[in-house]
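Notes for the one structure printed next.
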Amino acid sequence: MLKLFFPVFCVCALLVGCAAIETQTRPTLPEPVSSLPYRIGESGVFEVDVLLDESGPYTMLIDTGATISSLYDDTIRLLGLPEVTGENIIVHGLSQSSLQPVVRPSQLQLGDIIRTNLRMAVLPEPREAFGPAGVLGMDFLKDYVALFDHETSTLSFYQPEAIKDYPFEGWQRITLSKNPYSERDFNLFFLTIRIGNNTVPAVFDLGASFSLMNWAAANSPEVRLLRRQLRNQWEVNGAVGSFTPSVRVTFDFLRSNRYVWENWTVFVTDLEPLEVMGGNGQPLMVAGADLFRDTSFAMDFTRGLIFIRPSPRHKATP
């Protein structure tokens, strides 16, 4: 059974995820490349502090739905970075792709990790007051196993080759895969989410503060009826333009592998990103930070795995 809620709106921000290390006898984790505090920002996404060109700290969002790391335009002006003449990069988002200028900071430091020879996209949108300086995307994150410790609010990075056995006793595995709709994967990863009798590909996007799905993914008699009711109301009110309804729907459960999120609310909207990733009109979900922020988890893009610690709000099936 599902519950339907109003009002109508759609959110695409970032929420924060966390991960905790349980005391283990063996195997044990190796020494991390770097460990540093993380926090949940006002938008509900994971944030860390970095140094850029040895100045800062600057707040960066952890965004597994971003193909490339980026800086906002006002951060670039603050750093005095010139845009690289004649060089642009395509930034792929869920709703569109755009050609953006490029800047090349000489150095980015995240804890003990120092990256040089950087190539970062310029985000022209003005950020909110006290908002993040930029985004750490998959061009950075894919190189590490990242462990979010919810109990200590610590983010630790490990070299993938150093992780042979996973000391996450009692945690559940969630499998990550590439884009099921196109060979153009844009270095994004997908979970498989089961909703009732439907199985839906879900983009793993810690840059989204809430999970959302398109109407094709929320395929149930109750949701189809709701959409018809919204359409009738829209027509009765004499609305013009495109009919783009968005609602909040609470499902009894979402399930990925053997991990279950019970009584979970998801935004249902037209979600047009499939025009970017292929499979237009097919079911799609965005697995946002809300699925991960209240527990510990580790993400290993080399092996295509997420390890997640059971939370009181979640339930892992036997």
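Each chain of the structure tokens is named A, B, ... in the order shown, its residues numbered from 1; ligands are numbered from 1 in display order.
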
Contact residues around Ile308 in chain A with only C-alpha atoms at 9 Å, ignoring same-chain residues under 6 positions, as a PyMOL selection string
chain A and resi 19+168+171-174+259+292+295-299

Saved selection, atoms kept: C-alpha atoms, as an mmCIF file, in the first residue's frame:
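The result, stored in selection_9.cif:
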```cif
data_model
loop_
_atom_site.group_PDB
_atom_site.id
_atom_site.type_symbol
_atom_site.label_atom_id
_atom_site.label_comp_id
_atom_site.auth_asym_id
_atom_site.auth_seq_id
_atom_site.Cartn_x
_atom_site.Cartn_y
_atom_site.Cartn_z
ATOM 1 C CA ALA A 19 29.354 5.793 7.238
ATOM 2 C CA PHE A 168 31.874 -4.579 7.168
ATOM 3 C CA TRP A 171 26.467 -4.580 6.387
ATOM 4 C CA GLN A 172 24.615 -5.155 3.125
ATOM 5 C CA ARG A 173 25.987 -5.027 -0.421
ATOM 6 C CA ILE A 174 24.282 -3.002 -3.127
ATOM 7 C CA TYR A 259 18.511 -3.773 1.583
ATOM 8 C CA PHE A 292 22.231 7.175 2.770
ATOM 9 C CA THR A 295 23.697 5.588 8.289
ATOM 10 C CA SER A 296 27.252 4.561 7.415
ATOM 11 C CA PHE A 297 28.191 3.424 3.931
ATOM 12 C CA ALA A 298 31.158 2.823 1.665
ATOM 13 C CA MET A 299 31.212 3.265 -2.112
#
```

*Near Gly41 in chain A, counting only C-alpha atoms, which residues have an atom at most 10 Å away, once you skip same-chain residues fewer than 2 positions from it, shown as JSON, numbers by chain?*
{"A": [14, 15, 16, 38, 39, 43, 44, 45, 46, 47, 48, 59, 61, 131, 132, 209]}

| For Thr64 in chain A: contacts at 6 Å, only C-alpha atoms, fewer than 5 positions along chain excluded, given as a list in words | Gly137, Met138, Asp205 and Leu206 of chain A

If you count only C-alpha atoms, the residue of A:Leu284, A:Ala121, A:Ala218, A:Leu99 closest to Ile76 in chain A turns out to be A:Ala121

**Message:** What parts of range 73-195 of chain A does DSSP call strand (DSSP E or B)? I'd like the answer as JSON, numbers by chain.
**Reply:** {"A": [88, 89, 90, 91, 92, 97, 98, 99, 100, 101, 102, 103, 107, 108, 109, 110, 113, 114, 115, 116, 120, 121, 122, 123, 134, 135, 136, 145, 146, 147, 148, 149, 154, 155, 156, 157, 158, 172, 173, 174, 175, 177, 190, 191, 192, 193, 194, 195]}

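Using only C-alpha atoms, the nearest neighbour of Pro160 in chain A within the list A:Ala146, A:Met120, A:Val249, A:Val135 is A:Ala146.
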
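The residue set within 6 Å of Ser34 in chain A, counting only C-alpha atoms and dropping same-chain residues fewer than 6 places from it, reads Gly111, Asp112, Ser156 and Phe157 of chain A.
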
Item to complete: Would you list the contacts of Asn117 in chain A as number ranges by chain, taking every protein, DNA or RNA residue within 12 Å and counting only C-alpha atoms, but skipping same-chain residues closer than 6 positions in sequence?
Response: A: 53, 103-108

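Proximity to Trp264 in chain A was assessed for A:Thr152, A:Gln159, A:Ser98, A:Ser211 counting only C-alpha atoms; the smallest distance is recorded for A:Ser211.
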
Pairwise distance, CA of Ile114 in chain A with CA of Lys178 in chain A, equals 28.3 Å

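Comparing A:Gly304, A:Pro30, A:Pro37, A:Gly207 by their smallest distance to Asp165 in chain A, the closest is A:Pro30 (using only C-alpha atoms).
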
- request: Find the residues near Pro101 in chain A: any atom within 8 Å, counting only C-alpha atoms, skip ones fewer than 3 places away on the same chain, and give them as a ChimeraX atom specification.
  value: /A:83-84,87-89,121-122

Got time to write the residues from that selection, C-alpha atoms, as a tab-separated table (two decimals), in the first residue's frame?
```tsv
chain	number	residue	atom	x	y	z
A	83	GLU	CA	39.09	30.82	-17.91
A	84	VAL	CA	41.20	28.79	-20.34
A	87	GLU	CA	38.84	25.27	-24.06
A	88	ASN	CA	35.37	24.13	-23.03
A	89	ILE	CA	33.90	21.00	-21.54
A	121	ALA	CA	34.19	23.25	-15.21
A	122	VAL	CA	32.77	26.68	-14.48
```

One residue among A:Gln109, A:Thr199, A:Thr302, A:Ser35 is nearest to Glu54 in chain A when using only C-alpha atoms, and that residue is A:Gln109

Which neighbours of Val203 in chain A fall inside 12 Å, counting only C-alpha atoms, when residues of the same chain fewer than 6 positions from it are skipped, and could you give them as a PyMOL selection string? chain A and resi 63-66+93-94+176-181+185-193+211-213+273-274+277+283-289

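Distances from A:Arg119, A:Phe204, A:Gly170, A:Val266 to Ser311 in chain A were compared using only C-alpha atoms, and the smallest one belongs to A:Gly170.
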
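Between CA of Asn257 in chain A and CA of Thr175 in chain A the separation is 7.3 Å.
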